[in-house]
Amino acid sequence: MSKAARIAEKPRPQYGSDVIVDMLKAFEIEYIAVNPGATFRGLHDSLVNYGGNHMPEMILCPHEEMTVALAHGYARAKGKPMASAVHNIVGLQHAAMAIYNAWCDRLPVIVMGGTGPMDTALRRPWIDWVHTAQVQGNLVRDFVKWDDQPGSVEAVADSFIRAYRLATTDPMGPVYLCWDSEVQEKKLNGEIPFPSLDRYPAPLPMQAPEEGFEKTIRWLLEAKTPVIIADRVGRREAGFKALLELANLLATPVFDQHGRFNFAIHHPLNLTGLQDRVLPQADLVLILDVPDMEGAVSKRVQERGQRRPIPLLSANAKVINVGLDDLLVRAWSHDFNKLRETDLSIMADTAVFLPELVRRLKEEKEGLKKRAGDIEKRREQWAKLHAERQEALAQQTRSKWDEKPIATSRLYSELAEVLKNEDWVLTNGTTPEREWSILPAAKFNQILGKYVGGGLGYGLPASLGAALALKGTSKLCVDLQPDGDFLFTISALWTAAHYKIPLLIVVCDNRSYYNDEEHQERMAVLRNRPVENKVIGIRIEDPAVDFATNARSYGVWSTGPITEPKDLSKALRDAIKVVKEGKPALVDVVIQNR
Ligand SMILES: Cc1ncc(C[n+]2csc(CCOP(=O)(O)OP(=O)(O)O)c2C)c(N)n1
Ligand SMILES: [Mg+2]
């Protein structure tokens with residue numbers, strides 16, 4: 001049914017919150033993840049009894065953090081937002097960290113909350129006072145693109161349309177809409193005109209000016225050793241495809257920064273991980289959608305407590321930077337990363353910049369012909385380096401094949417093997433540098449990227465959101481789920497079971513908040529203190545968590561703990577069968593630290 005027909009056929013709203021549901025329907029919001037609360041009881045009633053609990057359908061989550069993380073994962077997989085509804089001040093505080101994760105990841109989530117009544121004359125004693133803020137949006141204002149609290153039912157449509165447009169315009173981000181309970185519960189006595197949504201089109205993407213193309217093409221053709229660094233190009237299919245074409249055309253190696261999946265793992269020009277060998281030779285670096293430019297062109301060293309990285313680029317390498325990051329700089333969080341020198345900075349959307357760059361480059365027949373010899377020479381050189389790296393990885397995997405606890409490389413290899421004939425998507429992972437080099441991803445959005453905000457509690461709910469977005473397609477969703485992260489939001493297993501969300505959860509169970517063991521080890525070495533104490537306050541042992549029993553208690557099929565390497569393959573295959581029946585399944589694998 002067309003948008004217009006659906007709107008013409010809809011029942012007439014009777015209450016303020018019915019109008020909010022009309023907006024959710026008009027924008028085709030499929031799901032709204034909720035944890036219930038009285039401040040949005042009007043909206044809750046409208047979702048169920050006016051909207052029929054369809055478009056959006058409510059997804060009940062046992063914590064507000066999950067409602068937002070779920071929507072975050074959904075947006076990654078689907079490229080469009082779903083909504084989350086969180087109870088006033090308290091729910092919003094629980095949701096805040098997940099909103100920050102979505103903000104850092106530049107993904108749209110429509111977070112909605114209730115408040116008030118703002119009219120103090122209408123308040124119940126105590127609860128309405130302790131749960132009302134002026135203004136509630138202040139709590140998250142520094143890390144949402146916009147927040148609003150419309151003062152009347154008539155103002156709802158404008159507010160929603162603006163929120164949707166801002167959330168979904170690149171660089172995207174979460175928005176927070178706060179509904180006064182009085183506005184929600186107000187009985188309407190006249191017609192509320194419904195806006196014509198066709199008159200609010202999404203803005204066209206931002207393209208580079210002529211000078212941007214002219215210089216980029218000239219410098220690319222002049223360079224002897226050009227390289228590409230990409231972080232979020234893979235957020236759009238057009239950018240993903242054009243990047244592959246560009247790299248092939250000029251035999252340019254690509255370094256994936258893992259913010260999204262940017263470049264096929266086994267492509268001979270994918271030299272991710274070999275930055276320290278290649279970047280010092282580069283005379284031109286094309287940096288595409290990379291928020292952390294400094295990290296991208298330097299090597300991190302952790303020894304002796306050193307914090308500053310070692311630069312890898314030579315001083316005379318030219319740098320071109322293309323992206324939209326400056327558009328979302330705020331003063332509060334320094335997620336804009338370190339300022340870095342560039343020679344040409346282009347504010348443009350890579351999804352339109354790269355296809356046009358490739359089109360123009362192909363027309364440079366003279367220039368390409370002149371460089372053809374060099375291009376083919378370096379294509380061979382990079383392919384050789386890539387093959388060497390793959391062989392070294394394979395050798396490492398072989399040498400650890402029978403180790404106990406199970407080596408992570410064996411886990412990833414076994415997973416790659418059982419997924420060989422599946423149309424799989426990795427919804428979440430542990431350390432991208434490792435698993436991305438073994439799992440042979442090649443398709444657009446086949447890996448949904450690392451979580452850039454770094455707030456734990458993300459993996460399971462975000463994977464559920466992604467799996468919900470892909471439900472009913474041929475995609476098999478896999479969550480490589482670190483144990484520590486899992487424990488923050490483990491009760492999302494209930495949501496997985498209740499809504500029959502097909503997801504393979506592989507618990508990477510190193511029984512530790514391991515990342516911090518390395519930090520404590522460094523401190524101990526630096527201060528000449530006992531290194532063996534590094535595990536205190538970090539290991540999740542004694543008792544070890546029984547994840548499989550946990551999962552069953554929530555109604556999720558499970559197996560494990562798998563401790564024998566030889567049992568791994570069957571456990572994964574059994575779990576995949578369950579997922580293919582449309583349900584979640586969990587395999588608890590006891591693994592080595594890294
Ligand atoms: C909300 C939150 N609390 C604490 C941290 C600090 N932190 C970063 S990584 C990490 C350990 C994570 O453990 P796990 O998820 O099991 O992964 P592992 O390092 O063991 O692979 C911790 C505690 C964080 N990033 N976010
Ligand atoms: Mg761990």
# chains A, B, ... in the order shown; residues from 1 in each chain; ligands from 1
$ residues_near_ligand --ligand "ligand 1" --cutoff "8 Å" --atoms "only C-alpha atoms and all ligand atoms" --output "ChimeraX atom specification"
/A:97,430-431,454-457,481-486,508-516,538,593-594
$ write_last_selection --atoms "C-alpha atoms" --output "CSV table (one decimal), in the first residue's frame"
chain,number,residue,atom,x,y,z
A,97,MET,CA,25.4,5.1,27.4
A,430,THR,CA,35.8,-9.2,19.5
A,431,THR,CA,39.0,-7.8,18.0
A,454,GLY,CA,33.4,1.6,23.3
A,455,GLY,CA,30.6,1.3,25.9
A,456,LEU,CA,30.2,-2.3,27.0
A,457,GLY,CA,26.8,-4.0,27.0
A,481,GLN,CA,30.1,-12.3,21.8
A,482,PRO,CA,32.8,-11.5,24.4
A,483,ASP,CA,31.8,-12.7,27.8
A,484,GLY,CA,32.4,-9.5,29.8
A,485,ASP,CA,30.3,-7.4,27.4
A,486,PHE,CA,27.6,-10.1,27.4
A,508,CYS,CA,34.0,-15.9,23.3
A,509,ASP,CA,34.4,-17.0,26.9
A,510,ASN,CA,37.9,-16.1,28.1
A,511,ARG,CA,36.5,-15.8,31.6
A,512,SER,CA,37.9,-12.4,31.9
A,513,TYR,CA,37.6,-8.7,31.2
A,514,TYR,CA,40.7,-9.5,29.4
A,515,ASN,CA,41.4,-6.2,27.8
A,516,ASP,CA,42.1,-4.8,31.2
A,538,ILE,CA,39.3,-8.7,36.3
A,593,ASN,CA,42.7,-14.7,25.9
A,594,ARG,CA,43.5,-13.3,22.5
$ residues_around --residues "Thr39 in chain A" --least-positions-apart "6" --cutoff "7 Å" --atoms "only C-alpha atoms" --output "number ranges by chain"
A: 87-88, 114-115, 181
$ atom_distance --atom1 "CA of Phe213 in chain A" --atom2 "CA of Leu361 in chain A"
9.3 Å
$ residues_around --residues "Ala571 in chain A" --least-positions-apart "6" --cutoff "9 Å" --atoms "only C-alpha atoms" --output "PyMOL selection string"
chain A and resi 559-560+562+587
$ closest_residue --among "A:Glu341, A:Glu518, A:Asp158, A:Glu435" --to "Glu414 in chain A" --atoms "only C-alpha atoms"
A:Glu435
$ atom_distance --atom1 "CA of Phe263 in chain A" --atom2 "CA of Pro226 in chain A"
16.5 Å
$ select_by_dssp --residues "range 495-525 of chain A" --states "helix (DSSP H, G or I)" --output "PyMOL selection string"
chain A and resi 495-498+514-525
$ select_by_dssp --residues "range 473-577 of chain A" --states "strand (DSSP E or B)" --output "ChimeraX atom specification"
/A:476-482,504-509,512,539,557-562
$ write_last_selection --atoms "N, CA and C atoms" --output "PDB file, in the first residue's frame"
ATOM      1  N   LEU A 476      22.163 -15.182   7.588  1.00  0.00           N
ATOM      2  CA  LEU A 476      22.352 -15.859   8.859  1.00  0.00           C
ATOM      3  C   LEU A 476      23.242 -14.970   9.743  1.00  0.00           C
ATOM      4  N   CYS A 477      22.672 -14.485  10.833  1.00  0.00           N
ATOM      5  CA  CYS A 477      23.386 -13.502  11.661  1.00  0.00           C
ATOM      6  C   CYS A 477      24.194 -14.188  12.759  1.00  0.00           C
ATOM      7  N   VAL A 478      25.437 -13.726  12.909  1.00  0.00           N
ATOM      8  CA  VAL A 478      26.339 -14.325  13.892  1.00  0.00           C
ATOM      9  C   VAL A 478      26.892 -13.234  14.808  1.00  0.00           C
ATOM     10  N   ASP A 479      26.776 -13.478  16.093  1.00  0.00           N
ATOM     11  CA  ASP A 479      27.328 -12.555  17.097  1.00  0.00           C
ATOM     12  C   ASP A 479      28.498 -13.259  17.777  1.00  0.00           C
ATOM     13  N   LEU A 480      29.724 -12.765  17.535  1.00  0.00           N
ATOM     14  CA  LEU A 480      30.879 -13.268  18.281  1.00  0.00           C
ATOM     15  C   LEU A 480      30.907 -12.459  19.568  1.00  0.00           C
ATOM     16  N   GLN A 481      30.463 -13.068  20.646  1.00  0.00           N
ATOM     17  CA  GLN A 481      30.072 -12.316  21.826  1.00  0.00           C
ATOM     18  C   GLN A 481      31.069 -12.455  22.980  1.00  0.00           C
ATOM     19  N   PRO A 482      31.878 -11.420  23.228  1.00  0.00           N
ATOM     20  CA  PRO A 482      32.799 -11.489  24.365  1.00  0.00           C
ATOM     21  C   PRO A 482      32.025 -11.636  25.684  1.00  0.00           C
ATOM     22  N   LEU A 504      22.847 -16.545  15.824  1.00  0.00           N
ATOM     23  CA  LEU A 504      23.832 -17.466  16.397  1.00  0.00           C
ATOM     24  C   LEU A 504      24.739 -16.663  17.323  1.00  0.00           C
ATOM     25  N   ILE A 505      24.681 -17.007  18.620  1.00  0.00           N
ATOM     26  CA  ILE A 505      25.510 -16.298  19.614  1.00  0.00           C
ATOM     27  C   ILE A 505      26.659 -17.232  19.986  1.00  0.00           C
ATOM     28  N   VAL A 506      27.874 -16.833  19.625  1.00  0.00           N
ATOM     29  CA  VAL A 506      29.045 -17.631  19.993  1.00  0.00           C
ATOM     30  C   VAL A 506      29.760 -16.879  21.113  1.00  0.00           C
ATOM     31  N   VAL A 507      29.665 -17.409  22.319  1.00  0.00           N
ATOM     32  CA  VAL A 507      30.287 -16.697  23.443  1.00  0.00           C
ATOM     33  C   VAL A 507      31.794 -16.932  23.420  1.00  0.00           C
ATOM     34  N   CYS A 508      32.546 -15.851  23.280  1.00  0.00           N
ATOM     35  CA  CYS A 508      34.009 -15.909  23.311  1.00  0.00           C
ATOM     36  C   CYS A 508      34.393 -15.798  24.780  1.00  0.00           C
ATOM     37  N   ASP A 509      34.411 -16.957  25.413  1.00  0.00           N
ATOM     38  CA  ASP A 509      34.426 -17.036  26.860  1.00  0.00           C
ATOM     39  C   ASP A 509      35.862 -17.189  27.374  1.00  0.00           C
ATOM     40  N   SER A 512      37.169 -13.517  31.481  1.00  0.00           N
ATOM     41  CA  SER A 512      37.937 -12.355  31.928  1.00  0.00           C
ATOM     42  C   SER A 512      37.468 -11.088  31.205  1.00  0.00           C
ATOM     43  N   ARG A 539      39.373 -11.121  36.357  1.00  0.00           N
ATOM     44  CA  ARG A 539      38.934 -12.451  35.903  1.00  0.00           C
ATOM     45  C   ARG A 539      37.493 -12.731  36.356  1.00  0.00           C
ATOM     46  N   TRP A 557      17.965 -21.929  23.133  1.00  0.00           N
ATOM     47  CA  TRP A 557      18.705 -23.178  22.902  1.00  0.00           C
ATOM     48  C   TRP A 557      20.193 -22.909  23.110  1.00  0.00           C
ATOM     49  N   SER A 558      20.879 -23.872  23.735  1.00  0.00           N
ATOM     50  CA  SER A 558      22.300 -23.612  23.981  1.00  0.00           C
ATOM     51  C   SER A 558      23.097 -24.894  24.104  1.00  0.00           C
ATOM     52  N   THR A 559      24.407 -24.751  23.969  1.00  0.00           N
ATOM     53  CA  THR A 559      25.321 -25.856  24.234  1.00  0.00           C
ATOM     54  C   THR A 559      26.628 -25.294  24.771  1.00  0.00           C
ATOM     55  N   GLY A 560      27.335 -26.113  25.539  1.00  0.00           N
ATOM     56  CA  GLY A 560      28.611 -25.674  26.098  1.00  0.00           C
ATOM     57  C   GLY A 560      28.624 -25.823  27.610  1.00  0.00           C
ATOM     58  N   PRO A 561      29.684 -25.454  28.262  1.00  0.00           N
ATOM     59  CA  PRO A 561      30.889 -24.873  27.695  1.00  0.00           C
ATOM     60  C   PRO A 561      31.684 -25.864  26.837  1.00  0.00           C
ATOM     61  N   ILE A 562      32.076 -25.423  25.649  1.00  0.00           N
ATOM     62  CA  ILE A 562      32.902 -26.237  24.768  1.00  0.00           C
ATOM     63  C   ILE A 562      34.366 -25.972  25.150  1.00  0.00           C
TER      64      ILE A 562
END
$ closest_residue --among "A:Ser569, A:Thr495, A:Asn270, A:Asn528" --to "Leu60 in chain A" --atoms "only C-alpha atoms"
A:Thr495
$ atom_distance --atom1 "CA of Pro355 in chain A" --atom2 "CA of Lys241 in chain A"
8.2 Å
$ closest_residue --among "A:Glu517, A:Leu166, A:Asn248, A:Ala575" --to "Glu376 in chain A" --atoms "only C-alpha atoms"
A:Asn248
$ residues_around --residues "Gln149 in chain A" --least-positions-apart "4" --cutoff "12 Å" --atoms "only C-alpha atoms" --output "VMD selection string"
chain A and resid 112 to 118 133 to 138 153 155 to 160 163 175 to 184
$ residues_around --residues "Arg410 in chain A" --least-positions-apart "3" --cutoff "12 Å" --atoms "only C-alpha atoms" --output "short mmCIF file (atom, residue, chain, number, x, y, z; two decimals) with all heavy atoms, in the first residue's frame"
data_model
loop_
_atom_site.label_atom_id
_atom_site.label_comp_id
_atom_site.auth_asym_id
_atom_site.auth_seq_id
_atom_site.Cartn_x
_atom_site.Cartn_y
_atom_site.Cartn_z
N LEU A 393 49.33 -15.95 8.49
CA LEU A 393 48.15 -16.14 9.34
C LEU A 393 47.75 -17.61 9.41
O LEU A 393 47.45 -18.14 10.48
CB LEU A 393 46.97 -15.34 8.76
CG LEU A 393 46.81 -13.90 9.22
CD1 LEU A 393 45.73 -13.22 8.40
CD2 LEU A 393 46.46 -13.86 10.70
N ALA A 394 47.76 -18.25 8.22
CA ALA A 394 47.36 -19.66 8.16
C ALA A 394 48.33 -20.51 8.99
O ALA A 394 47.91 -21.45 9.69
CB ALA A 394 47.35 -20.12 6.71
N GLN A 395 49.59 -20.16 8.92
CA GLN A 395 50.59 -20.91 9.66
C GLN A 395 50.37 -20.75 11.18
O GLN A 395 50.43 -21.73 11.93
CB GLN A 395 51.97 -20.39 9.29
CG GLN A 395 53.02 -21.47 9.42
CD GLN A 395 54.31 -21.02 8.75
OE1 GLN A 395 54.28 -20.26 7.77
NE2 GLN A 395 55.42 -21.47 9.27
N GLN A 396 50.07 -19.52 11.56
CA GLN A 396 49.80 -19.24 12.97
C GLN A 396 48.60 -20.06 13.45
O GLN A 396 48.61 -20.64 14.52
CB GLN A 396 49.43 -17.76 13.07
CG GLN A 396 50.19 -16.98 14.11
CD GLN A 396 49.74 -15.52 14.03
OE1 GLN A 396 48.54 -15.22 14.05
NE2 GLN A 396 50.70 -14.63 13.92
N THR A 397 47.55 -20.08 12.60
CA THR A 397 46.34 -20.83 12.94
C THR A 397 46.68 -22.31 13.11
O THR A 397 46.25 -22.94 14.07
CB THR A 397 45.26 -20.63 11.85
OG1 THR A 397 45.05 -19.23 11.70
CG2 THR A 397 43.96 -21.30 12.21
N ARG A 398 47.48 -22.85 12.15
CA ARG A 398 47.84 -24.27 12.22
C ARG A 398 48.61 -24.57 13.51
O ARG A 398 48.36 -25.57 14.17
CB ARG A 398 48.69 -24.66 11.00
CG ARG A 398 47.85 -24.90 9.74
CD ARG A 398 48.66 -25.64 8.67
NE ARG A 398 49.83 -24.89 8.20
CZ ARG A 398 49.80 -23.98 7.22
NH1 ARG A 398 48.65 -23.71 6.59
NH2 ARG A 398 50.89 -23.35 6.84
N SER A 399 49.53 -23.67 13.85
CA SER A 399 50.39 -23.97 15.01
C SER A 399 49.58 -23.98 16.32
O SER A 399 49.98 -24.59 17.29
CB SER A 399 51.53 -22.95 15.09
OG SER A 399 51.02 -21.71 15.49
N LYS A 400 48.44 -23.32 16.33
CA LYS A 400 47.65 -23.27 17.57
C LYS A 400 46.42 -24.18 17.50
O LYS A 400 45.55 -24.11 18.38
CB LYS A 400 47.19 -21.82 17.81
CG LYS A 400 48.31 -20.90 18.24
CD LYS A 400 47.80 -19.46 18.24
CE LYS A 400 48.73 -18.56 19.03
NZ LYS A 400 48.49 -18.56 20.47
N TRP A 401 46.34 -24.99 16.45
CA TRP A 401 45.10 -25.71 16.14
C TRP A 401 44.58 -26.56 17.29
O TRP A 401 43.39 -26.58 17.59
CB TRP A 401 45.33 -26.56 14.89
CG TRP A 401 44.05 -27.06 14.29
CD1 TRP A 401 43.61 -28.35 14.25
CD2 TRP A 401 43.03 -26.27 13.66
NE1 TRP A 401 42.40 -28.42 13.63
CE2 TRP A 401 42.01 -27.15 13.25
CE3 TRP A 401 42.89 -24.91 13.39
CZ2 TRP A 401 40.86 -26.72 12.60
CZ3 TRP A 401 41.74 -24.48 12.75
CH2 TRP A 401 40.75 -25.38 12.36
N ASP A 402 45.48 -27.26 17.97
CA ASP A 402 45.00 -28.20 19.00
C ASP A 402 45.14 -27.65 20.42
O ASP A 402 44.94 -28.39 21.38
CB ASP A 402 45.76 -29.53 18.87
CG ASP A 402 45.41 -30.20 17.55
OD1 ASP A 402 44.20 -30.25 17.23
OD2 ASP A 402 46.33 -30.64 16.84
N GLU A 403 45.47 -26.39 20.53
CA GLU A 403 45.69 -25.85 21.88
C GLU A 403 44.41 -25.80 22.69
O GLU A 403 43.31 -25.66 22.16
CB GLU A 403 46.30 -24.44 21.77
CG GLU A 403 47.77 -24.48 21.42
CD GLU A 403 48.40 -23.09 21.36
OE1 GLU A 403 47.76 -22.11 21.80
OE2 GLU A 403 49.55 -23.01 20.87
N LYS A 404 44.59 -25.89 24.01
CA LYS A 404 43.49 -25.78 24.98
C LYS A 404 43.89 -24.80 26.04
O LYS A 404 45.01 -24.93 26.54
CB LYS A 404 43.25 -27.16 25.61
CG LYS A 404 41.96 -27.82 25.18
CD LYS A 404 41.81 -29.17 25.80
CE LYS A 404 41.14 -29.06 27.18
NZ LYS A 404 40.86 -30.39 27.76
N PRO A 405 43.07 -23.82 26.46
CA PRO A 405 41.78 -23.49 25.86
C PRO A 405 41.90 -23.24 24.36
O PRO A 405 42.98 -22.96 23.86
CB PRO A 405 41.37 -22.22 26.59
CG PRO A 405 42.27 -22.06 27.76
CD PRO A 405 43.47 -22.89 27.52
N ILE A 406 40.78 -23.31 23.70
CA ILE A 406 40.71 -23.19 22.24
C ILE A 406 41.26 -21.84 21.80
O ILE A 406 40.93 -20.80 22.38
CB ILE A 406 39.25 -23.37 21.78
CG1 ILE A 406 38.79 -24.81 22.09
CG2 ILE A 406 39.08 -23.04 20.30
CD1 ILE A 406 37.31 -25.05 21.93
N ALA A 407 42.13 -21.87 20.76
CA ALA A 407 42.70 -20.61 20.24
C ALA A 407 41.62 -19.84 19.48
O ALA A 407 40.77 -20.44 18.81
CB ALA A 407 43.86 -20.93 19.30
N SER A 413 38.34 -19.91 12.35
CA SER A 413 38.47 -20.80 11.18
C SER A 413 37.33 -21.80 11.12
O SER A 413 36.78 -22.07 10.06
CB SER A 413 39.78 -21.57 11.22
OG SER A 413 40.84 -20.69 11.33
N GLU A 414 36.99 -22.37 12.28
CA GLU A 414 35.89 -23.35 12.32
C GLU A 414 34.58 -22.66 11.92
O GLU A 414 33.75 -23.22 11.21
CB GLU A 414 35.75 -23.94 13.72
CG GLU A 414 36.95 -24.75 14.17
CD GLU A 414 36.87 -26.23 13.81
OE1 GLU A 414 36.07 -26.58 12.90
OE2 GLU A 414 37.62 -27.01 14.42
N LEU A 415 34.44 -21.45 12.39
CA LEU A 415 33.24 -20.68 12.06
C LEU A 415 33.19 -20.43 10.55
O LEU A 415 32.14 -20.62 9.90
CB LEU A 415 33.26 -19.35 12.83
CG LEU A 415 31.96 -18.60 13.00
CD1 LEU A 415 30.88 -19.46 13.64
CD2 LEU A 415 32.19 -17.35 13.85
N ALA A 416 34.33 -20.02 9.99
CA ALA A 416 34.39 -19.76 8.54
C ALA A 416 34.00 -21.03 7.78
O ALA A 416 33.28 -20.98 6.78
CB ALA A 416 35.79 -19.31 8.14
N GLU A 417 34.43 -22.18 8.29
CA GLU A 417 34.15 -23.45 7.61
C GLU A 417 32.65 -23.79 7.66
O GLU A 417 32.05 -24.11 6.64
CB GLU A 417 35.00 -24.55 8.28
CG GLU A 417 34.87 -25.93 7.69
CD GLU A 417 35.22 -26.01 6.19
OE1 GLU A 417 36.05 -25.20 5.75
OE2 GLU A 417 34.64 -26.88 5.50
N ARG A 434 41.77 -9.35 14.19
CA ARG A 434 41.99 -10.79 14.06
C ARG A 434 40.90 -11.49 13.28
O ARG A 434 41.14 -12.12 12.28
CB ARG A 434 42.11 -11.41 15.44
CG ARG A 434 43.43 -11.03 16.06
CD ARG A 434 43.41 -11.28 17.53
NE ARG A 434 44.46 -10.45 18.10
CZ ARG A 434 45.51 -10.94 18.72
NH1 ARG A 434 45.66 -12.22 18.85
NH2 ARG A 434 46.44 -10.12 19.19
N GLU A 435 39.65 -11.35 13.77
CA GLU A 435 38.61 -12.14 13.11
C GLU A 435 38.37 -11.69 11.67
O GLU A 435 38.05 -12.50 10.82
CB GLU A 435 37.32 -12.14 13.93
CG GLU A 435 36.68 -10.79 14.08
CD GLU A 435 36.21 -10.55 15.51
OE1 GLU A 435 36.74 -11.19 16.43
OE2 GLU A 435 35.31 -9.72 15.69
N ILE A 438 40.33 -13.57 9.08
CA ILE A 438 40.08 -15.01 8.86
C ILE A 438 38.70 -15.25 8.24
O ILE A 438 38.55 -16.11 7.38
CB ILE A 438 40.25 -15.79 10.19
CG1 ILE A 438 41.72 -15.67 10.65
CG2 ILE A 438 39.83 -17.25 10.03
CD1 ILE A 438 42.04 -16.37 11.93
N LEU A 439 37.71 -14.51 8.68
CA LEU A 439 36.37 -14.71 8.11
C LEU A 439 36.31 -14.05 6.73
O LEU A 439 36.52 -12.84 6.61
CB LEU A 439 35.31 -14.09 9.04
CG LEU A 439 35.14 -14.83 10.38
CD1 LEU A 439 34.36 -13.98 11.37
CD2 LEU A 439 34.44 -16.16 10.18
N CYS A 508 32.55 -15.85 23.28
CA CYS A 508 34.01 -15.91 23.31
C CYS A 508 34.39 -15.80 24.78
O CYS A 508 34.64 -14.71 25.30
CB CYS A 508 34.61 -14.77 22.49
SG CYS A 508 34.09 -14.86 20.78
N GLU A 564 36.84 -28.69 24.44
CA GLU A 564 37.67 -29.53 23.56
C GLU A 564 37.60 -28.97 22.13
O GLU A 564 36.51 -28.88 21.56
CB GLU A 564 37.13 -30.96 23.54
CG GLU A 564 37.30 -31.72 24.83
CD GLU A 564 38.76 -31.90 25.21
OE1 GLU A 564 39.61 -32.01 24.28
OE2 GLU A 564 39.06 -31.91 26.43
N PRO A 565 38.74 -28.67 21.53
CA PRO A 565 38.72 -28.13 20.15
C PRO A 565 37.95 -29.04 19.17
O PRO A 565 37.24 -28.53 18.30
CB PRO A 565 40.21 -28.09 19.78
CG PRO A 565 40.96 -28.10 21.07
CD PRO A 565 40.11 -28.76 22.09
N LYS A 566 38.04 -30.33 19.38
CA LYS A 566 37.39 -31.24 18.41
C LYS A 566 35.86 -31.17 18.48
O LYS A 566 35.18 -31.60 17.56
CB LYS A 566 37.89 -32.68 18.62
CG LYS A 566 37.50 -33.27 19.94
CD LYS A 566 37.81 -34.76 19.98
CE LYS A 566 37.57 -35.38 21.35
NZ LYS A 566 36.43 -34.95 22.14
N ASP A 567 35.31 -30.66 19.58
CA ASP A 567 33.85 -30.59 19.72
C ASP A 567 33.23 -29.33 19.09
O ASP A 567 32.01 -29.18 19.01
CB ASP A 567 33.45 -30.61 21.21
CG ASP A 567 33.86 -31.91 21.88
OD1 ASP A 567 34.08 -32.90 21.14
OD2 ASP A 567 33.99 -31.92 23.11
N LEU A 568 34.10 -28.43 18.69
CA LEU A 568 33.64 -27.11 18.26
C LEU A 568 32.75 -27.15 17.01
O LEU A 568 31.66 -26.57 16.98
CB LEU A 568 34.88 -26.24 18.01
CG LEU A 568 34.70 -24.76 17.86
CD1 LEU A 568 33.89 -24.17 18.99
CD2 LEU A 568 36.08 -24.08 17.80
N SER A 569 33.22 -27.87 16.02
CA SER A 569 32.54 -27.86 14.74
C SER A 569 31.09 -28.36 14.88
O SER A 569 30.15 -27.72 14.39
CB SER A 569 33.32 -28.72 13.74
OG SER A 569 32.64 -28.75 12.53
N VAL A 589 31.94 -21.03 24.13
CA VAL A 589 33.25 -21.60 23.78
C VAL A 589 34.32 -21.02 24.72
O VAL A 589 34.52 -19.80 24.75
CB VAL A 589 33.63 -21.26 22.31
CG1 VAL A 589 34.91 -21.98 21.93
CG2 VAL A 589 32.50 -21.63 21.36
N VAL A 590 34.98 -21.89 25.45
CA VAL A 590 36.05 -21.44 26.35
C VAL A 590 37.30 -21.24 25.51
O VAL A 590 37.83 -22.19 24.93
CB VAL A 590 36.27 -22.46 27.49
CG1 VAL A 590 37.41 -21.98 28.41
CG2 VAL A 590 34.99 -22.63 28.29
N ILE A 591 37.73 -19.98 25.44
CA ILE A 591 38.83 -19.66 24.52
C ILE A 591 40.02 -19.02 25.24
O ILE A 591 39.92 -18.58 26.38
CB ILE A 591 38.37 -18.68 23.40
CG1 ILE A 591 37.79 -17.39 24.01
CG2 ILE A 591 37.41 -19.32 22.44
CD1 ILE A 591 37.80 -16.22 23.07
N GLN A 592 41.11 -18.96 24.49
CA GLN A 592 42.31 -18.28 24.98
C GLN A 592 42.03 -16.78 25.03
O GLN A 592 41.12 -16.28 24.37
CB GLN A 592 43.49 -18.54 24.04
CG GLN A 592 43.98 -19.96 24.10
CD GLN A 592 45.12 -20.21 23.14
OE1 GLN A 592 45.78 -19.29 22.66
NE2 GLN A 592 45.34 -21.48 22.86
N ARG A 594 43.53 -14.07 23.76
CA ARG A 594 43.47 -13.34 22.50
C ARG A 594 44.01 -14.21 21.39
O ARG A 594 44.83 -15.06 21.62
CB ARG A 594 44.29 -12.04 22.53
CG ARG A 594 43.57 -10.92 23.25
CD ARG A 594 42.45 -10.32 22.41
NE ARG A 594 41.41 -9.72 23.24
CZ ARG A 594 41.42 -8.44 23.68
NH1 ARG A 594 42.36 -7.64 23.37
NH2 ARG A 594 40.42 -8.00 24.41
#
$ closest_residue --among "A:Leu286, A:Ala251, A:Leu526, A:Leu328" --to "Val144 in chain A" --atoms "only C-alpha atoms"
A:Leu328
$ closest_residue --among "A:Gln93, A:Thr408, A:Thr473, A:Thr549" --to "ligand 2" --atoms "only C-alpha atoms and all ligand atoms"
A:Thr408
$ decode --residues "range 584-589 of chain A" --atoms "N, CA and C atoms" --output "CSV table (one decimal), in the first residue's frame"
chain,number,residue,atom,x,y,z
A,584,PRO,N,16.9,-18.1,18.2
A,584,PRO,CA,18.3,-17.9,18.7
A,584,PRO,C,19.0,-19.2,19.2
A,585,ALA,N,20.3,-19.2,19.1
A,585,ALA,CA,21.0,-20.4,19.7
A,585,ALA,C,22.4,-19.9,20.2
A,586,LEU,N,22.8,-20.5,21.3
A,586,LEU,CA,24.0,-20.0,21.9
A,586,LEU,C,25.0,-21.1,22.1
A,587,VAL,N,26.3,-20.9,21.7
A,587,VAL,CA,27.4,-21.8,21.9
A,587,VAL,C,28.4,-21.1,22.8
A,588,ASP,N,28.6,-21.7,24.0
A,588,ASP,CA,29.6,-21.1,24.9
A,588,ASP,C,31.0,-21.8,24.6
A,589,VAL,N,31.9,-21.0,24.1
A,589,VAL,CA,33.2,-21.6,23.8
A,589,VAL,C,34.3,-21.0,24.7
